[in-house]
file final_14.tsv (TSV, C-alpha atoms)
chain	number	residue	atom	x	y	z
A	1	MET	CA	35.41	-45.51	-0.16
A	2	ILE	CA	32.24	-45.15	1.86
A	3	ALA	CA	29.28	-43.29	0.40
A	4	ASP	CA	28.83	-39.64	1.34
A	5	GLU	CA	26.07	-38.15	3.44
A	6	ALA	CA	23.78	-37.25	0.55
A	7	SER	CA	24.00	-40.72	-1.02
A	8	MET	CA	23.36	-42.44	2.29
A	9	ALA	CA	20.36	-40.21	2.97
A	10	GLN	CA	18.94	-41.00	-0.48
A	11	MET	CA	19.48	-44.72	0.01
A	12	MET	CA	17.88	-44.60	3.44
A	13	THR	CA	14.84	-42.79	2.08
A	14	ALA	CA	14.45	-45.48	-0.60
A	15	SER	CA	14.90	-48.16	2.06
A	16	GLN	CA	12.19	-46.65	4.23
A	17	ASN	CA	9.97	-46.93	1.16
A	18	GLY	CA	10.76	-50.64	0.91
A	19	ASP	CA	13.35	-50.80	-1.92
A	20	ARG	CA	15.23	-54.03	-1.12
A	21	GLY	CA	17.97	-53.65	-3.72
A	22	ILE	CA	18.98	-50.23	-2.47
A	23	TYR	CA	18.65	-51.44	1.10
A	24	ARG	CA	21.24	-54.16	0.41
A	25	ALA	CA	23.63	-51.52	-0.91
A	26	LEU	CA	22.92	-49.28	2.05
A	27	LEU	CA	23.58	-52.07	4.56
A	28	ALA	CA	26.88	-52.91	2.84
A	29	GLU	CA	27.96	-49.27	3.19
A	30	ILE	CA	26.80	-49.21	6.79
A	31	GLN	CA	28.80	-52.35	7.50
A	32	LEU	CA	31.98	-50.76	6.13
A	33	TRP	CA	31.38	-47.54	8.01
A	34	LEU	CA	30.80	-49.37	11.28
A	35	GLU	CA	33.94	-51.44	10.85
A	36	GLN	CA	35.93	-48.22	10.56
A	37	PHE	CA	34.00	-46.57	13.34
A	38	PHE	CA	34.71	-49.32	15.86
A	39	ARG	CA	38.30	-49.97	14.87
A	40	LYS	CA	40.65	-49.87	17.86
A	41	ARG	CA	37.66	-49.59	20.15
A	42	VAL	CA	36.75	-53.27	20.15
A	43	PRO	CA	39.00	-56.29	19.73
A	44	PRO	CA	38.83	-58.00	16.30
A	45	ALA	CA	37.09	-61.02	17.80
A	46	HIS	CA	34.18	-58.84	18.87
A	47	LEU	CA	34.08	-56.53	15.89
A	48	ASP	CA	31.77	-58.64	13.71
A	49	ASP	CA	29.34	-59.25	16.55
A	50	LEU	CA	29.11	-55.58	17.40
A	51	VAL	CA	28.76	-54.51	13.76
A	52	GLN	CA	25.98	-57.05	13.23
A	53	GLU	CA	24.29	-55.99	16.42
A	54	VAL	CA	24.22	-52.38	15.22
A	55	MET	CA	22.99	-53.42	11.77
A	56	ILE	CA	20.10	-55.30	13.34
A	57	ALA	CA	19.34	-52.25	15.48
A	58	VAL	CA	19.43	-50.03	12.40
A	59	HIS	CA	17.00	-52.39	10.69
A	60	ALA	CA	14.63	-52.51	13.65
A	61	LYS	CA	14.74	-48.76	14.19
A	62	ARG	CA	14.90	-47.58	10.58
A	63	ALA	CA	11.68	-45.62	10.98
A	64	THR	CA	13.36	-43.40	13.59
A	65	TRP	CA	15.55	-41.71	11.00
A	66	ASP	CA	13.90	-38.45	10.05
A	67	PRO	CA	14.55	-37.78	6.34
A	68	SER	CA	14.81	-34.07	7.09
A	69	ARG	CA	17.89	-34.68	9.24
A	70	PRO	CA	21.37	-35.96	8.35
A	71	PHE	CA	21.97	-39.70	8.20
A	72	TYR	CA	25.44	-40.24	9.67
A	73	PRO	CA	24.79	-38.53	13.02
A	74	TRP	CA	21.75	-40.84	13.40
A	75	LEU	CA	23.84	-43.91	12.61
A	76	ALA	CA	26.65	-42.74	14.90
A	77	ALA	CA	24.25	-42.25	17.80
A	78	ILE	CA	22.98	-45.82	17.45
A	79	ALA	CA	26.56	-47.12	17.09
A	80	ARG	CA	27.73	-45.25	20.18
A	81	TYR	CA	24.73	-46.50	22.18
A	82	ARG	CA	25.41	-50.10	21.26
A	83	TRP	CA	29.14	-49.69	21.90
A	84	VAL	CA	28.59	-48.43	25.46
A	85	ASP	CA	26.16	-51.30	25.97
A	86	HIS	CA	28.79	-53.68	24.61
A	87	LEU	CA	31.43	-52.33	27.03
A	88	ARG	CA	29.04	-52.95	29.89
A	89	LYS	CA	28.39	-56.53	28.90
A	90	VAL	CA	31.68	-57.82	27.58
A	91	TYR	CA	34.84	-58.61	29.42
A	92	ARG	CA	37.41	-59.38	26.80
A	93	SER	CA	39.53	-62.49	27.12
A	94	ALA	CA	43.31	-62.17	27.20
A	95	GLU	CA	43.83	-63.69	23.75
A	96	ASP	CA	41.75	-61.00	22.05
A	97	GLU	CA	44.66	-58.66	21.50
A	98	LEU	CA	43.99	-55.49	19.60
A	99	GLY	CA	45.62	-55.81	16.22
A	100	ASP	CA	46.75	-53.26	13.73
A	101	HIS	CA	43.76	-53.82	11.52
A	102	ASP	CA	43.11	-50.21	10.66
A	103	ALA	CA	41.69	-49.30	7.35
A	104	PRO	CA	42.94	-46.08	5.84
A	105	GLU	CA	40.79	-43.13	6.85
A	106	ASP	CA	38.51	-41.74	4.23
A	107	SER	CA	39.81	-38.18	4.25
A	108	LYS	CA	36.64	-36.73	2.78
A	109	GLU	CA	34.57	-37.87	5.71
A	110	GLU	CA	37.38	-37.55	8.22
A	111	ALA	CA	36.16	-34.35	9.85
A	112	VAL	CA	32.62	-35.65	10.21
A	113	MET	CA	33.88	-38.97	11.53
A	114	ALA	CA	36.12	-37.23	14.06
A	115	ARG	CA	33.22	-35.24	15.41
A	116	MET	CA	31.17	-38.39	15.97
A	117	SER	CA	33.99	-40.75	16.90
A	118	LEU	CA	34.14	-42.86	20.01
A	119	ASP	CA	37.36	-41.16	21.12
A	120	ARG	CA	35.41	-37.92	21.25
A	121	LEU	CA	33.35	-39.35	24.09
A	122	PHE	CA	36.43	-39.97	26.24
A	123	VAL	CA	37.29	-36.26	26.19
A	124	HIS	CA	34.48	-35.66	28.65
A	125	LEU	CA	35.67	-38.23	31.19
A	126	PRO	CA	38.34	-37.77	33.86
A	127	ASP	CA	41.66	-39.39	32.90
A	128	ARG	CA	41.44	-42.01	35.66
A	129	GLN	CA	38.08	-43.24	34.32
A	130	VAL	CA	39.31	-43.33	30.73
A	131	GLU	CA	42.40	-45.24	31.82
A	132	ALA	CA	40.39	-47.81	33.76
A	133	ILE	CA	37.89	-48.36	30.93
A	134	LYS	CA	40.57	-48.65	28.25
A	135	LEU	CA	42.69	-51.08	30.23
A	136	VAL	CA	39.92	-53.38	31.43
A	137	LYS	CA	37.05	-53.04	28.97
A	138	ILE	CA	38.91	-52.45	25.73
A	139	GLU	CA	42.39	-53.92	26.14
A	140	GLY	CA	41.19	-56.80	28.27
A	141	HIS	CA	43.41	-56.53	31.32
A	142	SER	CA	42.21	-57.83	34.64
A	143	ILE	CA	41.20	-55.47	37.44
A	144	ALA	CA	44.39	-56.42	39.29
A	145	GLU	CA	46.57	-55.66	36.26
A	146	ALA	CA	44.82	-52.35	35.70
A	147	SER	CA	45.31	-51.55	39.37
A	148	ALA	CA	49.03	-52.26	39.15
A	149	ARG	CA	49.42	-50.22	35.98
A	150	THR	CA	47.49	-47.18	37.12
A	151	GLY	CA	48.36	-47.13	40.78
A	152	GLN	CA	44.65	-47.09	41.62
A	153	SER	CA	43.36	-49.61	44.15
A	154	GLU	CA	41.29	-52.46	42.69
A	155	SER	CA	38.08	-51.10	44.16
A	156	LEU	CA	38.88	-47.68	42.73
A	157	VAL	CA	39.40	-49.22	39.27
A	158	LYS	CA	35.95	-50.83	39.56
A	159	VAL	CA	34.38	-47.57	40.73
A	160	ASN	CA	36.02	-45.64	37.90
A	161	ILE	CA	34.79	-48.14	35.32
A	162	HIS	CA	31.27	-48.01	36.72
A	163	ARG	CA	31.20	-44.20	36.85
A	164	GLY	CA	32.88	-43.86	33.49
A	165	LEU	CA	30.41	-46.13	31.71
A	166	LYS	CA	27.51	-44.35	33.37
A	167	ARG	CA	28.90	-41.03	32.15
A	168	LEU	CA	29.52	-42.43	28.65
A	169	SER	CA	25.92	-43.53	28.36
A	170	ALA	CA	24.82	-39.97	29.11
A	171	LEU	CA	27.11	-38.59	26.39
A	172	VAL	CA	25.95	-40.71	23.46
A	173	GLU	CA	24.41	-37.77	21.58
A	174	LYS	CA	27.11	-35.25	22.48
A	175	ALA	CA	28.97	-33.82	19.50
A	176	GLU	CA	31.44	-31.31	20.98
B	13	MET	CA	38.27	-53.19	4.53
B	14	ASN	CA	37.23	-55.80	2.02
B	15	ARG	CA	33.61	-56.09	1.05
B	16	VAL	CA	32.78	-59.61	2.10
B	17	PRO	CA	29.34	-61.15	1.52
B	18	ASN	CA	27.29	-60.89	4.65
B	19	PRO	CA	24.29	-63.24	4.94
B	20	LEU	CA	22.81	-60.90	7.51
B	21	ILE	CA	22.40	-58.24	4.81
B	22	ASP	CA	20.31	-60.62	2.67
B	23	GLU	CA	18.28	-61.63	5.68
B	24	LEU	CA	17.53	-58.04	6.69
B	25	ALA	CA	16.77	-57.05	3.09
B	26	GLU	CA	14.31	-59.93	2.77
B	27	ASP	CA	12.62	-58.72	5.94
B	28	LEU	CA	12.31	-55.16	4.64
B	29	VAL	CA	8.86	-53.60	4.50
B	30	PRO	CA	8.03	-49.92	3.99
B	31	VAL	CA	7.91	-47.87	7.17
B	32	ARG	CA	6.56	-44.43	7.91
B	33	PRO	CA	9.47	-42.25	9.06
B	34	ILE	CA	9.21	-40.70	12.48
B	35	SER	CA	7.69	-37.24	12.46
B	36	ILE	CA	8.01	-34.76	15.29
B	37	ALA	CA	4.71	-33.21	14.17
B	38	ARG	CA	2.90	-36.50	14.95
B	39	GLY	CA	4.58	-36.57	18.35
B	40	VAL	CA	3.56	-32.99	19.05
B	41	ALA	CA	-0.02	-33.87	18.10
B	42	LEU	CA	0.06	-36.88	20.44
B	43	VAL	CA	1.32	-34.86	23.41
B	44	THR	CA	-1.08	-32.01	22.67
B	45	LEU	CA	-3.97	-34.47	22.67
B	46	ALA	CA	-2.77	-35.93	25.97
B	47	ALA	CA	-2.51	-32.44	27.48
B	48	ILE	CA	-5.97	-31.47	26.25
B	49	ALA	CA	-7.40	-34.74	27.57
B	50	THR	CA	-5.77	-33.98	30.92
B	51	VAL	CA	-7.38	-30.54	31.10
B	52	VAL	CA	-10.75	-32.07	30.13
B	53	ALA	CA	-10.31	-34.67	32.89
B	54	VAL	CA	-9.58	-31.88	35.38
B	55	GLU	CA	-12.75	-30.09	34.26
B	56	LEU	CA	-14.79	-33.29	34.66
B	57	PHE	CA	-13.41	-34.28	38.07
B	58	HIS	CA	-12.78	-30.89	39.69
B	59	GLY	CA	-14.12	-28.14	37.45
B	60	LEU	CA	-11.84	-25.42	36.12
B	61	TRP	CA	-11.65	-22.23	38.18
B	62	ARG	CA	-13.83	-19.78	36.23
B	63	GLY	CA	-12.64	-16.91	38.43
B	64	ALA	CA	-9.22	-17.10	36.87
B	65	PHE	CA	-10.61	-15.70	33.66
B	66	SER	CA	-12.83	-13.04	35.22
B	67	GLY	CA	-10.14	-10.99	36.90
B	68	GLN	CA	-10.10	-12.77	40.27
B	69	ALA	CA	-6.70	-14.43	39.92
B	70	SER	CA	-3.46	-12.81	40.99
B	71	GLY	CA	-0.63	-12.25	38.55
B	72	PHE	CA	1.27	-15.00	40.28
B	73	PHE	CA	-1.40	-17.51	39.22
B	74	PHE	CA	-0.64	-16.83	35.57
B	75	ILE	CA	3.13	-16.65	36.05
B	76	ALA	CA	3.33	-19.95	37.94
B	77	ASN	CA	0.97	-21.86	35.68
B	78	GLY	CA	2.51	-20.28	32.59
B	79	MET	CA	5.94	-21.48	33.69
B	80	LEU	CA	4.59	-24.96	34.33
B	81	GLY	CA	2.96	-25.06	30.91
B	82	LEU	CA	6.08	-23.84	29.14
B	83	LEU	CA	8.28	-26.29	31.01
B	84	GLY	CA	5.89	-29.07	30.03
B	85	ALA	CA	6.04	-28.05	26.38
B	86	ALA	CA	9.83	-27.63	26.28
B	87	SER	CA	10.48	-30.92	28.06
B	88	ALA	CA	7.96	-32.83	25.98
B	89	LEU	CA	9.55	-31.49	22.80
B	90	ALA	CA	12.97	-32.60	24.04
B	91	VAL	CA	11.61	-36.10	24.71
B	92	LEU	CA	9.99	-36.29	21.27
B	93	ARG	CA	13.33	-35.39	19.67
B	94	MET	CA	15.18	-37.96	21.77
B	95	ALA	CA	13.18	-40.74	20.13
B	96	SER	CA	15.05	-39.96	16.92
B	97	PRO	CA	18.70	-40.14	17.99
B	98	ARG	CA	21.45	-37.97	16.61
B	99	VAL	CA	24.98	-37.07	17.63
B	100	GLY	CA	24.55	-33.36	18.23
B	101	ASN	CA	21.07	-33.49	19.75
B	102	GLY	CA	20.83	-30.79	22.40
B	103	HIS	CA	18.17	-30.25	25.02
B	104	GLU	CA	19.21	-26.92	26.44
B	105	GLY	CA	15.73	-25.40	26.18
B	106	ALA	CA	14.26	-27.99	28.50
B	107	ARG	CA	17.17	-27.64	30.95
B	108	TRP	CA	16.81	-23.86	31.16
B	109	SER	CA	13.04	-24.11	31.52
B	110	ALA	CA	13.49	-26.52	34.42
B	111	ALA	CA	15.98	-24.14	36.02
B	112	MET	CA	13.50	-21.26	35.62
B	113	LEU	CA	10.75	-23.22	37.34
B	114	GLY	CA	13.18	-23.72	40.22
B	115	LEU	CA	12.90	-19.96	40.77
B	116	LEU	CA	9.40	-20.44	42.16
B	117	PRO	CA	10.29	-22.43	45.28
B	118	VAL	CA	13.50	-20.42	45.71
B	119	SER	CA	11.53	-17.16	45.55
B	120	THR	CA	9.01	-18.59	47.99
B	121	LEU	CA	11.79	-19.42	50.41
B	122	LEU	CA	13.36	-15.96	50.04
B	123	VAL	CA	10.05	-14.18	50.57
B	124	LEU	CA	8.60	-16.35	53.34
B	125	GLY	CA	11.83	-17.43	55.05
B	126	PHE	CA	12.30	-20.81	56.64
B	127	ASP	CA	9.57	-20.22	59.25
B	128	GLY	CA	7.06	-19.11	56.64
B	129	LEU	CA	7.95	-22.08	54.47
B	130	ALA	CA	7.49	-24.48	57.37
B	131	SER	CA	4.18	-22.83	58.19
B	132	GLU	CA	3.05	-23.19	54.57
B	133	LEU	CA	4.01	-26.86	54.58
B	134	THR	CA	2.17	-27.60	57.80
B	135	HIS	CA	-0.84	-25.29	57.63
B	136	ASP	CA	-1.86	-25.30	53.98
B	137	VAL	CA	-4.56	-27.95	54.20
B	138	GLU	CA	-5.22	-27.95	50.47
B	139	GLY	CA	-1.54	-28.16	49.58
B	140	PHE	CA	-1.07	-31.91	49.81
B	141	HIS	CA	-4.26	-32.46	47.83
B	142	CYS	CA	-2.91	-30.24	45.03
B	143	PHE	CA	0.37	-32.14	45.12
B	144	LEU	CA	-1.39	-35.49	44.75
B	145	ALA	CA	-3.81	-34.24	42.09
B	146	GLY	CA	-1.05	-32.60	40.02
B	147	SER	CA	0.99	-35.79	40.20
B	148	GLY	CA	-2.00	-37.97	39.30
B	149	PHE	CA	-2.94	-35.87	36.29
B	150	SER	CA	0.57	-36.39	34.91
B	151	LEU	CA	-0.23	-39.96	33.93
B	152	LEU	CA	-1.79	-39.29	30.53
B	153	THR	CA	1.17	-37.26	29.29
B	154	ALA	CA	3.62	-39.75	30.78
B	155	GLY	CA	1.85	-42.59	28.98
B	156	ALA	CA	1.91	-40.75	25.66
B	157	LEU	CA	5.61	-39.94	25.96
B	158	VAL	CA	6.58	-43.46	27.01
B	159	LEU	CA	4.66	-44.85	24.04
B	160	TRP	CA	6.49	-42.44	21.76
B	161	LEU	CA	9.88	-43.39	23.18
B	162	ARG	CA	9.11	-47.09	22.86
B	163	SER	CA	8.32	-46.64	19.20
B	164	GLY	CA	11.54	-44.68	18.74
B	165	ALA	CA	15.20	-45.32	19.45
B	166	PRO	CA	16.21	-43.23	22.45
B	167	VAL	CA	19.94	-43.46	23.12
B	168	SER	CA	20.03	-41.00	26.01
B	169	ILE	CA	17.87	-43.18	28.20
B	170	GLY	CA	18.60	-41.32	31.44
B	171	SER	CA	17.78	-37.88	30.03
B	172	ALA	CA	14.76	-39.14	28.12
B	173	SER	CA	13.36	-40.69	31.30
B	174	LEU	CA	14.06	-37.63	33.43
B	175	PHE	CA	12.48	-35.23	30.94
B	176	THR	CA	9.49	-37.52	30.47
B	177	GLY	CA	8.93	-37.21	34.21
B	178	ILE	CA	9.43	-33.45	34.18
B	179	ALA	CA	7.16	-32.92	31.16
B	180	SER	CA	4.35	-35.07	32.52
B	181	GLY	CA	4.61	-33.56	36.02
B	182	ALA	CA	4.60	-30.02	34.63
B	183	ILE	CA	1.64	-30.64	32.33
B	184	GLY	CA	-0.28	-32.49	35.07
B	185	SER	CA	0.32	-29.69	37.56
B	186	PHE	CA	-0.47	-27.05	34.94
B	187	ALA	CA	-3.77	-28.75	34.16
B	188	TYR	CA	-4.75	-29.10	37.80
B	189	GLY	CA	-3.57	-25.54	38.40
B	190	MET	CA	-6.43	-24.38	36.19
B	191	ALA	CA	-8.83	-25.75	38.82
B	192	CYS	CA	-7.09	-24.47	41.92
B	193	PRO	CA	-8.26	-21.08	43.22
B	194	ILE	CA	-5.45	-20.72	45.77
B	195	ASP	CA	-3.07	-18.35	44.02
B	196	THR	CA	-0.63	-17.36	46.74
B	197	MET	CA	3.09	-17.57	46.20
B	198	GLY	CA	3.55	-20.03	49.05
B	199	HIS	CA	0.92	-22.43	47.73
B	200	LEU	CA	1.88	-22.34	44.06
B	201	GLY	CA	5.63	-22.15	44.67
B	202	ILE	CA	5.62	-25.28	46.78
B	203	TRP	CA	2.62	-27.51	46.18
B	204	HIS	CA	2.27	-26.95	42.45
B	205	VAL	CA	5.99	-27.36	41.76
B	206	ALA	CA	6.37	-30.45	43.93
B	207	PRO	CA	4.59	-32.75	41.40
B	208	VAL	CA	7.29	-31.89	38.85
B	209	ALA	CA	10.02	-32.95	41.28
B	210	LEU	CA	8.18	-36.15	42.20
B	211	CYS	CA	7.47	-37.10	38.58
B	212	ALA	CA	11.07	-36.33	37.60
B	213	LEU	CA	12.27	-38.71	40.30
B	214	VAL	CA	9.78	-41.43	39.40
B	215	GLY	CA	10.57	-40.98	35.70
B	216	LYS	CA	14.30	-41.29	36.29
B	217	LEU	CA	13.83	-44.46	38.33
B	218	VAL	CA	11.03	-46.24	36.47
B	219	ILE	CA	11.03	-45.22	32.81
B	220	PRO	CA	14.48	-46.54	31.77
B	221	ARG	CA	13.29	-50.13	32.06
B	222	LEU	CA	10.25	-49.30	29.91
B	223	VAL	CA	12.13	-47.68	27.03
B	224	ARG	CA	15.50	-49.46	26.92
B	225	TRP	CA	16.05	-51.30	23.66
call {"tool": "encode", "arguments": {"input": "final_14.tsv", "output": "structure tokens"}}
result
Amino acid sequence: MIADEASMAQMMTASQNGDRGIYRALLAEIQLWLEQFFRKRVPPAHLDDLVQEVMIAVHAKRATWDPSRPFYPWLAAIARYRWVDHLRKVYRSAEDELGDHDAPEDSKEEAVMARMSLDRLFVHLPDRQVEAIKLVKIEGHSIAEASARTGQSESLVKVNIHRGLKRLSALVEKAE
Amino acid sequence: MNRVPNPLIDELAEDLVPVRPISIARGVALVTLAAIATVVAVELFHGLWRGAFSGQASGFFFIANGMLGLLGAASALAVLRMASPRVGNGHEGARWSAAMLGLLPVSTLLVLGFDGLASELTHDVEGFHCFLAGSGFSLLTAGALVLWLRSGAPVSIGSASLFTGIASGAIGSFAYGMACPIDTMGHLGIWHVAPVALCALVGKLVIPRLVRW
């Protein structure tokens, strides 16, 4: 079970004050939360790298959390930002199949998680862009395979990925 | 998920030092200082128009410059907030303020017509000077906002860059507007709004590479 908003905010406040013990506990919670957050949205082989990348970003930017504001939306914004960046950079290899490695949802935080989830971002994209990004950037198919599956030409798949990622990067802070 | 030991956690914890959390109030103070310094620079280089405060200025002078000032404040506040990311951050105030400023050139076009607009563009000898000065005086605010963003963690890089341009252009043009005695609709609606458009464009193109992290 991952710590609730109030506990995370308290731990983050202590961490900003330099409490290393609490910071270790906070980072462990963040790691668990990120693993759940990114599940199904990155292949297992990339999960650790992405989680670590976000943890390093959290460490470097820890002063940018305002203690008067909630913690999880801050963490989610950084996680989304790094995820979009990751999609831009990484072409997944064919052997990195998405596995059924889901952890059970923490029902208490489910509503909050849903509001900040990565799937939520796709709602704002046209279906053809979502399809192209999912097939190529997340499931690891080639442009040609994605073209055959979607009926879009190869150049259109590329255009839809480019436009979709550009749109995603503009939606990082969007909650609705 | 199992809790597995992560050496990265130890490494980051070892590296931990106290930090001062971001504070919007400090950002507001920084931008306010930049804006005041800009007005002081205008006074030093051009001299503020004293007539504006002795009943010589038209109502349009105050409306146009007031809109520029408010747009600068709303956009700067949006940029300051963007340095502290959050799912749910909204910047509607800045968007609506920008749309309202757009009323000035649109009104100018409606009142003067295309011929009048063309005449204003070609015959207003001071216009281009105001455009350049307003754009130039945007630099202090732009510098302050870029510094703020670099110390923060902006995740909406495109919006942050665009609004940095809009805020700095609006504050620069507002400051120079205090020195410009030409208070006609054609002059203010075109030449004093144009720096905002230019700075928005430059901001959108240049600032992302300065603040990406």
call {"tool": "residues_around", "arguments": {"input": "final_14.tsv", "residues": "A:Arg20", "least_positions_apart": "2", "cutoff": "8 Å", "atoms": "all atoms listed in the file", "output": "PyMOL selection string"}}
result
(chain A and resi 15+18+22-24) or (chain B and resi 25-26+28)
call {"tool": "residues_around", "arguments": {"input": "final_14.tsv", "residues": "B:Leu92", "least_positions_apart": "4", "cutoff": "8 Å", "atoms": "only C-alpha atoms", "output": "PyMOL selection string"}}
result
chain B and resi 36+39-40+88+96+157+160-161
call {"tool": "interface_residues", "arguments": {"input": "final_14.tsv", "of": "chain A", "to": "chain B", "cutoff": "8 Å", "atoms": "only C-alpha atoms", "output": "number ranges by chain"}}
result
A: 15-21, 23-24, 27-28, 32, 35, 52, 56, 59, 61-67, 73-78, 81, 103, 116, 169-176
call {"tool": "residues_around", "arguments": {"input": "final_14.tsv", "residues": "B:Ser119", "least_positions_apart": "6", "cutoff": "12 Å", "atoms": "all atoms listed in the file", "output": "list in words"}}
result
Phe72, Ala76, Met112, Leu113, Gly125, Phe126, Leu129, Met197, Gly198, Leu200, Gly201 and Ile202 of chain B
call {"tool": "closest_residue", "arguments": {"input": "final_14.tsv", "among": "A:Arg69, A:Leu168, A:Asp127, A:Gln152", "to": "A:Ala6", "atoms": "all atoms listed in the file"}}
result
A:Arg69
call {"tool": "axis_aligned_box", "arguments": {"input": "final_14.tsv", "around": "stretch 101-118 of chain B", "padding_each_side": "3 Å", "output": "JSON"}}
result
{"center_x": 15.2, "center_y": -26.7, "center_z": 32.7, "size_x": 17.7, "size_y": 19.5, "size_z": 32.0}
call {"tool": "atom_distance", "arguments": {"input": "final_14.tsv", "atom1": "atom CA of A:Ile138", "atom2": "atom CA of A:Lys40"}}
result
8.5 Å
call {"tool": "residues_around", "arguments": {"input": "final_14.tsv", "residues": "A:Val51", "least_positions_apart": "4", "cutoff": "10 Å", "atoms": "all atoms listed in the file", "output": "ChimeraX atom specification"}}
result
/A:30-35,37-38,46-47,55-57,79,82-83
call {"tool": "closest_residue", "arguments": {"input": "final_14.tsv", "among": "A:Gln129, A:Val157, A:Tyr72, A:Gly164", "to": "A:His141", "atoms": "all atoms listed in the file"}}
result
A:Val157
call {"tool": "residues_around", "arguments": {"input": "final_14.tsv", "residues": "B:Gly184", "least_positions_apart": "2", "cutoff": "10 Å", "atoms": "all atoms listed in the file", "output": "number ranges by chain"}}
result
B: 47, 50-51, 54, 80-81, 84, 145-154, 178-182, 186-189, 204, 207-208, 211
call {"tool": "atom_distance", "arguments": {"input": "final_14.tsv", "atom1": "atom CA of B:Gln68", "atom2": "atom CA of B:Trp203"}}
result
20.3 Å
call {"tool": "atom_distance", "arguments": {"input": "final_14.tsv", "atom1": "atom CA of B:Ser185", "atom2": "atom CA of B:Gly105"}}
result
19.6 Å
call {"tool": "closest_residue", "arguments": {"input": "final_14.tsv", "among": "B:Met190, B:Ala111, B:Ile75, B:Ala86", "to": "B:Cys142", "atoms": "only C-alpha atoms"}}
result
B:Met190
call {"tool": "closest_residue", "arguments": {"input": "final_14.tsv", "among": "B:Leu56, B:Leu222, B:Leu122, B:Ala90", "to": "B:Val158", "atoms": "all atoms listed in the file"}}
result
B:Leu222
call {"tool": "decode", "arguments": {"input": "final_14.tsv", "residues": "stretch 180-191 of chain B", "atoms": "N, CA, C and O atoms", "output": "compact mmCIF listing (two decimals), in the first residue's frame"}}
result
# COMPACT_ATOMS: atom_id res chain seq x y z
N SER B 180 6.82 39.38 -21.13
CA SER B 180 7.92 40.34 -21.26
C SER B 180 7.59 41.40 -22.31
O SER B 180 7.89 42.59 -22.11
N GLY B 181 6.96 40.98 -23.41
CA GLY B 181 6.56 41.95 -24.44
C GLY B 181 5.54 42.95 -23.89
O GLY B 181 5.64 44.15 -24.15
N ALA B 182 4.57 42.44 -23.13
CA ALA B 182 3.53 43.32 -22.59
C ALA B 182 4.11 44.30 -21.57
O ALA B 182 3.78 45.50 -21.59
N ILE B 183 4.99 43.81 -20.71
CA ILE B 183 5.57 44.70 -19.70
C ILE B 183 6.53 45.70 -20.35
O ILE B 183 6.55 46.89 -20.00
N GLY B 184 7.30 45.25 -21.34
CA GLY B 184 8.19 46.15 -22.06
C GLY B 184 7.42 47.25 -22.78
O GLY B 184 7.77 48.43 -22.71
N SER B 185 6.33 46.86 -23.43
CA SER B 185 5.54 47.83 -24.18
C SER B 185 4.77 48.76 -23.23
O SER B 185 4.62 49.95 -23.50
N PHE B 186 4.32 48.18 -22.10
CA PHE B 186 3.66 49.01 -21.08
C PHE B 186 4.63 50.08 -20.57
O PHE B 186 4.28 51.26 -20.47
N ALA B 187 5.85 49.65 -20.26
CA ALA B 187 6.82 50.59 -19.71
C ALA B 187 7.15 51.69 -20.73
O ALA B 187 7.15 52.88 -20.39
N TYR B 188 7.39 51.28 -21.97
CA TYR B 188 7.70 52.31 -22.96
C TYR B 188 6.47 53.18 -23.25
O TYR B 188 6.59 54.37 -23.55
N GLY B 189 5.29 52.58 -23.12
CA GLY B 189 4.05 53.34 -23.33
C GLY B 189 3.94 54.52 -22.39
O GLY B 189 3.30 55.53 -22.72
N MET B 190 4.57 54.45 -21.24
CA MET B 190 4.53 55.55 -20.28
C MET B 190 5.34 56.76 -20.77
O MET B 190 5.25 57.85 -20.23
N ALA B 191 6.16 56.52 -21.82
CA ALA B 191 6.99 57.60 -22.35
C ALA B 191 6.48 58.12 -23.68
O ALA B 191 7.00 59.11 -24.20
